>>> print(open('entry.pdb').read())   # PDB, C-alpha atoms
ATOM      1  CA  MET A   1     -14.314   1.149  -8.593  1.00  0.00           C
ATOM      2  CA  ASP A   2     -16.519  -1.867  -8.091  1.00  0.00           C
ATOM      3  CA  ALA A   3     -17.829  -3.083  -4.750  1.00  0.00           C
ATOM      4  CA  HIS A   4     -15.549  -6.140  -4.708  1.00  0.00           C
ATOM      5  CA  ILE A   5     -12.378  -4.035  -4.910  1.00  0.00           C
ATOM      6  CA  ARG A   6     -13.635  -1.623  -2.256  1.00  0.00           C
ATOM      7  CA  LYS A   7     -14.594  -4.496   0.061  1.00  0.00           C
ATOM      8  CA  VAL A   8     -11.290  -6.341  -0.351  1.00  0.00           C
ATOM      9  CA  TYR A   9      -8.881  -3.385  -0.275  1.00  0.00           C
ATOM     10  CA  VAL A  10     -10.473  -0.659   1.866  1.00  0.00           C
ATOM     11  CA  PRO A  11      -9.173  -0.516   4.520  1.00  0.00           C
ATOM     12  CA  MET A  12      -5.892  -1.892   3.257  1.00  0.00           C
ATOM     13  CA  THR A  13      -3.404  -4.119   4.975  1.00  0.00           C
ATOM     14  CA  GLU A  14      -0.083  -2.511   5.775  1.00  0.00           C
ATOM     15  CA  THR A  15       1.512  -4.877   3.264  1.00  0.00           C
ATOM     16  CA  GLY A  16      -0.853  -3.864   0.452  1.00  0.00           C
ATOM     17  CA  PHE A  17      -0.454  -0.186   1.243  1.00  0.00           C
ATOM     18  CA  HIS A  18       3.322  -0.304   1.096  1.00  0.00           C
ATOM     19  CA  ILE A  19       3.374  -2.383  -2.073  1.00  0.00           C
ATOM     20  CA  LEU A  20       1.159   0.108  -3.927  1.00  0.00           C
ATOM     21  CA  LEU A  21       3.196   2.990  -2.536  1.00  0.00           C
ATOM     22  CA  CYS A  22       6.418   1.403  -3.816  1.00  0.00           C
ATOM     23  CA  LEU A  23       5.045   0.682  -7.282  1.00  0.00           C
ATOM     24  CA  GLN A  24       4.793   4.332  -8.295  1.00  0.00           C
ATOM     25  CA  THR A  25       7.759   3.391 -10.465  1.00  0.00           C
ATOM     26  CA  PRO A  26       8.271  -0.073 -11.995  1.00  0.00           C
ATOM     27  CA  ARG A  27       9.905  -2.538  -9.590  1.00  0.00           C
ATOM     28  CA  HIS A  28      10.327  -6.267  -9.292  1.00  0.00           C
ATOM     29  CA  GLY A  29       9.293  -8.146  -6.177  1.00  0.00           C
ATOM     30  CA  TYR A  30      12.705  -8.065  -4.530  1.00  0.00           C
ATOM     31  CA  GLY A  31      12.951  -4.330  -5.225  1.00  0.00           C
ATOM     32  CA  VAL A  32       9.571  -3.817  -3.555  1.00  0.00           C
ATOM     33  CA  ARG A  33      10.715  -5.850  -0.565  1.00  0.00           C
ATOM     34  CA  GLU A  34      13.891  -3.795  -0.182  1.00  0.00           C
ATOM     35  CA  LYS A  35      12.049  -0.463  -0.611  1.00  0.00           C
ATOM     36  CA  VAL A  36       9.419  -1.401   2.000  1.00  0.00           C
ATOM     37  CA  GLU A  37      12.144  -2.318   4.484  1.00  0.00           C
ATOM     38  CA  ALA A  38      13.924   0.976   3.827  1.00  0.00           C
ATOM     39  CA  LEU A  39      10.739   3.060   4.107  1.00  0.00           C
ATOM     40  CA  THR A  40       9.749   1.424   7.394  1.00  0.00           C
ATOM     41  CA  GLY A  41      13.217   1.344   8.920  1.00  0.00           C
ATOM     42  CA  GLY A  42      13.036  -2.444   8.940  1.00  0.00           C
ATOM     43  CA  ALA A  43       9.756  -2.493  10.901  1.00  0.00           C
ATOM     44  CA  LEU A  44       7.994  -4.239   8.025  1.00  0.00           C
ATOM     45  CA  ARG A  45       9.770  -7.157   6.387  1.00  0.00           C
ATOM     46  CA  LEU A  46       7.779  -8.937   3.713  1.00  0.00           C
ATOM     47  CA  SER A  47       8.261 -12.670   3.424  1.00  0.00           C
ATOM     48  CA  PRO A  48       8.451 -13.983  -0.147  1.00  0.00           C
ATOM     49  CA  GLY A  49       5.123 -15.808   0.244  1.00  0.00           C
ATOM     50  CA  THR A  50       3.306 -12.710   1.463  1.00  0.00           C
ATOM     51  CA  LEU A  51       4.933 -10.443  -1.109  1.00  0.00           C
ATOM     52  CA  TYR A  52       4.419 -12.597  -4.186  1.00  0.00           C
ATOM     53  CA  GLY A  53       0.967 -13.717  -3.080  1.00  0.00           C
ATOM     54  CA  THR A  54      -0.086 -10.081  -2.683  1.00  0.00           C
ATOM     55  CA  LEU A  55       1.483  -9.080  -6.008  1.00  0.00           C
ATOM     56  CA  SER A  56      -0.407 -11.879  -7.775  1.00  0.00           C
ATOM     57  CA  LYS A  57      -3.695 -10.920  -6.160  1.00  0.00           C
ATOM     58  CA  MET A  58      -3.227  -7.229  -6.933  1.00  0.00           C
ATOM     59  CA  GLU A  59      -2.343  -8.021 -10.549  1.00  0.00           C
ATOM     60  CA  ARG A  60      -5.402 -10.266 -10.886  1.00  0.00           C
ATOM     61  CA  ASP A  61      -7.608  -7.501  -9.408  1.00  0.00           C
ATOM     62  CA  GLY A  62      -6.120  -4.835 -11.700  1.00  0.00           C
ATOM     63  CA  LEU A  63      -4.374  -2.683  -9.054  1.00  0.00           C
ATOM     64  CA  ILE A  64      -0.962  -3.335 -10.580  1.00  0.00           C
ATOM     65  CA  ARG A  65       0.177  -4.550 -13.968  1.00  0.00           C
ATOM     66  CA  PHE A  66       3.137  -6.436 -15.347  1.00  0.00           C
ATOM     67  CA  VAL A  67       5.430  -4.078 -17.282  1.00  0.00           C
ATOM     68  CA  ARG A  68       8.256  -6.253 -18.544  1.00  0.00           C
ATOM     69  CA  GLU A  69      10.764  -8.852 -17.517  1.00  0.00           C
ATOM     70  CA  GLU A  70      14.366  -7.983 -16.670  1.00  0.00           C
ATOM     71  CA  GLU A  71      16.826 -10.815 -16.084  1.00  0.00           C
ATOM     72  CA  THR A  72      13.977 -13.252 -15.267  1.00  0.00           C
ATOM     73  CA  ARG A  73      12.407 -10.765 -12.822  1.00  0.00           C
ATOM     74  CA  LYS A  74       8.906  -9.440 -13.472  1.00  0.00           C
ATOM     75  CA  LEU A  75       8.508  -5.684 -13.103  1.00  0.00           C
ATOM     76  CA  TYR A  76       5.181  -4.287 -11.927  1.00  0.00           C
ATOM     77  CA  VAL A  77       3.710  -0.803 -11.740  1.00  0.00           C
ATOM     78  CA  ILE A  78       0.571   0.623 -10.133  1.00  0.00           C
ATOM     79  CA  THR A  79      -2.490   1.159 -12.372  1.00  0.00           C
ATOM     80  CA  ASP A  80      -5.077   3.952 -12.267  1.00  0.00           C
ATOM     81  CA  LEU A  81      -7.329   1.675 -10.195  1.00  0.00           C
ATOM     82  CA  GLY A  82      -4.428   1.018  -7.832  1.00  0.00           C
ATOM     83  CA  ARG A  83      -3.859   4.770  -7.470  1.00  0.00           C
ATOM     84  CA  GLU A  84      -7.549   5.245  -6.697  1.00  0.00           C
ATOM     85  CA  VAL A  85      -7.432   2.561  -3.989  1.00  0.00           C
ATOM     86  CA  LEU A  86      -4.179   3.981  -2.593  1.00  0.00           C
ATOM     87  CA  GLN A  87      -5.721   7.473  -2.472  1.00  0.00           C
ATOM     88  CA  LEU A  88      -8.741   6.159  -0.537  1.00  0.00           C
ATOM     89  CA  GLU A  89      -6.396   4.563   1.965  1.00  0.00           C
ATOM     90  CA  MET A  90      -4.258   7.687   2.315  1.00  0.00           C
ATOM     91  CA  ASP A  91      -7.421   9.726   2.941  1.00  0.00           C
ATOM     92  CA  ARG A  92      -8.506   7.197   5.589  1.00  0.00           C
ATOM     93  CA  ILE A  93      -5.098   7.379   7.280  1.00  0.00           C
ATOM     94  CA  ARG A  94      -5.225  11.199   7.271  1.00  0.00           C
ATOM     95  CA  ARG A  95      -8.655  11.098   8.949  1.00  0.00           C
ATOM     96  CA  LEU A  96      -7.319   8.702  11.590  1.00  0.00           C
ATOM     97  CA  TYR A  97      -4.279  10.892  12.158  1.00  0.00           C
ATOM     98  CA  HIS A  98      -6.387  14.036  12.588  1.00  0.00           C
ATOM     99  CA  THR A  99      -8.737  12.229  14.982  1.00  0.00           C
ATOM    100  CA  VAL A 100      -5.836  11.017  17.120  1.00  0.00           C
ATOM    101  CA  LYS A 101      -4.247  14.458  17.057  1.00  0.00           C
ATOM    102  CA  GLU A 102      -7.506  16.051  18.153  1.00  0.00           C
ATOM    103  CA  VAL A 103      -8.106  13.550  20.966  1.00  0.00           C
ATOM    104  CA  LEU A 104      -4.570  13.731  22.294  1.00  0.00           C
ATOM    105  CA  SER A 105      -4.532  17.517  22.291  1.00  0.00           C
ATOM    106  CA  TRP A 106      -7.873  17.671  24.122  1.00  0.00           C
ATOM    107  CA  GLU A 107      -7.605  18.105  27.860  1.00  0.00           C
ATOM    108  CA  PRO A 108     -10.680  17.904  30.065  1.00  0.00           C
ATOM    109  CA  ALA A 109     -11.413  20.824  32.351  1.00  0.00           C
ATOM    110  CA  ALA A 110      -9.988  20.336  35.816  1.00  0.00           C
ATOM    111  CA  ALA A 111     -12.491  19.080  38.369  1.00  0.00           C
ATOM    112  CA  GLU A 112     -13.400  21.643  40.987  1.00  0.00           C
TER     113      GLU A 112
END
>>> encode(input="entry.pdb", output="structure tokens")
Amino acid sequence: MDAHIRKVYVPMTETGFHILLCLQTPRHGYGVREKVEALTGGALRLSPGTLYGTLSKMERDGLIRFVREEETRKLYVITDLGREVLQLEMDRIRRLYHTVKEVLSWEPAAAE
């Protein structure tokens, strides 16, 4: 992975993370949007501009690739580079989670 990709995508935006996560199987933009909403219980709703802008950027940077067109909709899927970036982000999130878990379970000794 080159320095540009690492600089731009690590850490990832929540939008980028969810898009890569959803493209484990080929999906079109609207399918990604619906899947992200379902996965987040509606907490993350991608506007068309954000979604298609991010898809274009990720395709240009080689994180996803165009698979085929179905009924005028472009289907995309994650690439090996995209999986590598996604794995880095998942590792980062795990580290954050473990740090938070450790801090919240730590209780200072009672003052005497």
>>> axis_aligned_box(input="entry.pdb", around="segment 1-18 of chain A", padding_each_side="4 Å", output="JSON")
{"center_x": -7.3, "center_y": -2.6, "center_z": -1.4, "size_x": 29.2, "size_y": 15.5, "size_z": 22.4}
>>> residues_around(input="entry.pdb", residues="segment 42-55 of chain A", least_positions_apart="5", cutoff="12 Å", atoms="all atoms listed in the file", output="ChimeraX atom specification")
/A:9,12-20,22-23,27-37,60-66,73-78,82
>>> atom_distance(input="entry.pdb", atom1="atom CA of Glu70 of chain A", atom2="atom CA of Thr40 of chain A")
26.2 Å
>>> residues_near_point(input="entry.pdb", point="(-13.0, -7.6, -9.1)", cutoff="12 Å", atoms="only C-alpha atoms", output="list in words")
Met1, Asp2, Ala3, His4, Ile5, Arg6, Lys7, Val8, Tyr9, Lys57, Met58, Glu59, Arg60, Asp61, Gly62, Leu63 and Leu81 of chain A
>>> atom_distance(input="entry.pdb", atom1="atom CA of Val10 of chain A", atom2="atom CA of Arg95 of chain A")
13.8 Å
>>> atom_distance(input="entry.pdb", atom1="atom CA of Leu86 of chain A", atom2="atom CA of Pro26 of chain A")
16.1 Å
>>> closest_residue(input="entry.pdb", among="A:Leu39, A:Pro11, A:Val100, A:Gln24", to="Thr79 of chain A", atoms="all atoms listed in the file")
A:Gln24
